[in-house]
Amino acid sequence: MTINATGALLDLCVLAVVSRGDAYGYALTQGVKRTLDVSESTMYPVMRRLQTQQCLETYDTPHEGRNRRYYRLTETGRRMLGELREDWGEFKRRVDDVLDGGDAA
């Protein structure tokens with residue numbers, strides 16, 4: 001897996017937010033939006049894809065007469081988060097090297 005400017009970075013952020021505790025959809029999207037400029041319409045497909053990949057699981061809880069869908073990190077999600085954190089570290093080192101005038105190759 002490799003960090004890129006789109007998909008894997010969003011995956012990393014979503015998994016990191018959920019790793020701090022179960023979160024319902026709106027709170028999860030707001031947690032990511034504090035860091036990345038993404039719309040809610042971008043976030044929900046990412047969350048569904050991570051669920052399909054068995055990185056997230058969901059459960060519903062009643063709240064003020066409606067159900068809130070919560071997302072929970074699975075063991076597969078924890079492993080993916082670890083891999084993406086490692087990839088992010090390498091990606092960040094390469095970008096820092098370029099910015100500092102080094103050879104990123």
# chains A, B, ... in the order shown; residues from 1 in each chain; ligands from 1
>>> residues_around(residues="Gly82 in chain A", least_positions_apart="2", cutoff="12 Å", atoms="only C-alpha atoms", output="list in words")
Met1, Asp11, Leu12, Cys13, Leu15, Ala16, Ser19, Cys55, Glu75, Thr76, Gly77, Arg78, Arg79, Met80, Leu84, Arg85, Glu86, Asp87, Trp88 and Gly89 of chain A
>>> write_last_selection(atoms="N, CA and C atoms", output="PDB file, in the first residue's frame")
ATOM      1  N   MET A   1       0.840  -1.170   0.000  1.00  0.00           N
ATOM      2  CA  MET A   1       0.000   0.000   0.000  1.00  0.00           C
ATOM      3  C   MET A   1       0.890   1.239   0.000  1.00  0.00           C
ATOM      4  N   ASP A  11      -8.179   7.300   3.650  1.00  0.00           N
ATOM      5  CA  ASP A  11      -8.289   6.071   4.430  1.00  0.00           C
ATOM      6  C   ASP A  11      -7.547   6.211   5.756  1.00  0.00           C
ATOM      7  N   LEU A  12      -6.326   6.713   5.685  1.00  0.00           N
ATOM      8  CA  LEU A  12      -5.510   6.896   6.882  1.00  0.00           C
ATOM      9  C   LEU A  12      -6.219   7.795   7.882  1.00  0.00           C
ATOM     10  N   CYS A  13      -6.748   8.907   7.424  1.00  0.00           N
ATOM     11  CA  CYS A  13      -7.413   9.850   8.332  1.00  0.00           C
ATOM     12  C   CYS A  13      -8.680   9.261   8.936  1.00  0.00           C
ATOM     13  N   LEU A  15      -9.428   6.039   9.377  1.00  0.00           N
ATOM     14  CA  LEU A  15      -9.059   4.984  10.312  1.00  0.00           C
ATOM     15  C   LEU A  15      -8.456   5.565  11.590  1.00  0.00           C
ATOM     16  N   ALA A  16      -7.680   6.629  11.465  1.00  0.00           N
ATOM     17  CA  ALA A  16      -7.077   7.260  12.650  1.00  0.00           C
ATOM     18  C   ALA A  16      -8.149   7.857  13.554  1.00  0.00           C
ATOM     19  N   SER A  19      -9.930   5.081  15.274  1.00  0.00           N
ATOM     20  CA  SER A  19      -9.073   4.365  16.225  1.00  0.00           C
ATOM     21  C   SER A  19      -9.119   4.997  17.614  1.00  0.00           C
ATOM     22  N   CYS A  55     -12.498  -3.142   7.185  1.00  0.00           N
ATOM     23  CA  CYS A  55     -11.667  -2.320   8.068  1.00  0.00           C
ATOM     24  C   CYS A  55     -12.528  -1.624   9.117  1.00  0.00           C
ATOM     25  N   GLU A  75     -10.104  -5.506  13.502  1.00  0.00           N
ATOM     26  CA  GLU A  75      -8.693  -5.912  13.551  1.00  0.00           C
ATOM     27  C   GLU A  75      -8.023  -5.677  12.190  1.00  0.00           C
ATOM     28  N   THR A  76      -8.748  -5.955  11.117  1.00  0.00           N
ATOM     29  CA  THR A  76      -8.225  -5.674   9.774  1.00  0.00           C
ATOM     30  C   THR A  76      -7.942  -4.179   9.627  1.00  0.00           C
ATOM     31  N   GLY A  77      -8.836  -3.362  10.144  1.00  0.00           N
ATOM     32  CA  GLY A  77      -8.650  -1.907  10.101  1.00  0.00           C
ATOM     33  C   GLY A  77      -7.438  -1.460  10.895  1.00  0.00           C
ATOM     34  N   ARG A  78      -7.217  -2.100  12.045  1.00  0.00           N
ATOM     35  CA  ARG A  78      -6.030  -1.755  12.854  1.00  0.00           C
ATOM     36  C   ARG A  78      -4.750  -2.074  12.087  1.00  0.00           C
ATOM     37  N   ARG A  79      -4.750  -3.227  11.418  1.00  0.00           N
ATOM     38  CA  ARG A  79      -3.559  -3.589  10.626  1.00  0.00           C
ATOM     39  C   ARG A  79      -3.349  -2.599   9.483  1.00  0.00           C
ATOM     40  N   MET A  80      -4.456  -2.250   8.794  1.00  0.00           N
ATOM     41  CA  MET A  80      -4.333  -1.301   7.690  1.00  0.00           C
ATOM     42  C   MET A  80      -3.860   0.050   8.204  1.00  0.00           C
ATOM     43  N   LEU A  84      -0.639   1.991   6.869  1.00  0.00           N
ATOM     44  CA  LEU A  84      -0.749   3.336   6.305  1.00  0.00           C
ATOM     45  C   LEU A  84       0.075   4.345   7.094  1.00  0.00           C
ATOM     46  N   ARG A  85       0.171   4.160   8.407  1.00  0.00           N
ATOM     47  CA  ARG A  85       1.032   5.052   9.213  1.00  0.00           C
ATOM     48  C   ARG A  85       2.493   4.912   8.778  1.00  0.00           C
ATOM     49  N   GLU A  86       2.921   3.674   8.551  1.00  0.00           N
ATOM     50  CA  GLU A  86       4.295   3.455   8.082  1.00  0.00           C
ATOM     51  C   GLU A  86       4.500   4.103   6.717  1.00  0.00           C
ATOM     52  N   ASP A  87       3.546   3.892   5.805  1.00  0.00           N
ATOM     53  CA  ASP A  87       3.637   4.498   4.472  1.00  0.00           C
ATOM     54  C   ASP A  87       3.672   6.019   4.572  1.00  0.00           C
ATOM     55  N   TRP A  88       2.840   6.568   5.474  1.00  0.00           N
ATOM     56  CA  TRP A  88       2.806   8.020   5.651  1.00  0.00           C
ATOM     57  C   TRP A  88       4.169   8.526   6.129  1.00  0.00           C
ATOM     58  N   GLY A  89       4.787   7.815   7.053  1.00  0.00           N
ATOM     59  CA  GLY A  89       6.106   8.221   7.543  1.00  0.00           C
ATOM     60  C   GLY A  89       7.123   8.276   6.417  1.00  0.00           C
TER      61      GLY A  89
END
>>> residues_around(residues="range 42-49 of chain A", least_positions_apart="4", cutoff="8 Å", atoms="only C-alpha atoms", output="VMD selection string")
chain A and resid 10 to 11 14 25 29 38 53 56
>>> select_by_dssp(residues="range 13-92 of chain A", states="helix (DSSP H, G or I)", output="PyMOL selection string")
chain A and resi 13-19+25-33+40-52+75-92
>>> atom_distance(atom1="CA of Asn67 in chain A", atom2="CA of Val17 in chain A")
20.9 Å
>>> closest_residue(among="A:Ala23, A:Lys92, A:Val18, A:Gly101", to="Thr74 in chain A", atoms="only C-alpha atoms")
A:Val18
>>> select_by_dssp(residues="range 11-84 of chain A", states="strand (DSSP E)", output="ChimeraX atom specification")
/A:23-24,56-63,66-73
>>> closest_residue(among="A:His63, A:Gln51, A:Val95, A:Tyr26", to="Ser39 in chain A", atoms="only C-alpha atoms")
A:Tyr26
>>> atom_distance(atom1="CA of Thr52 in chain A", atom2="CA of Arg69 in chain A")
15.3 Å
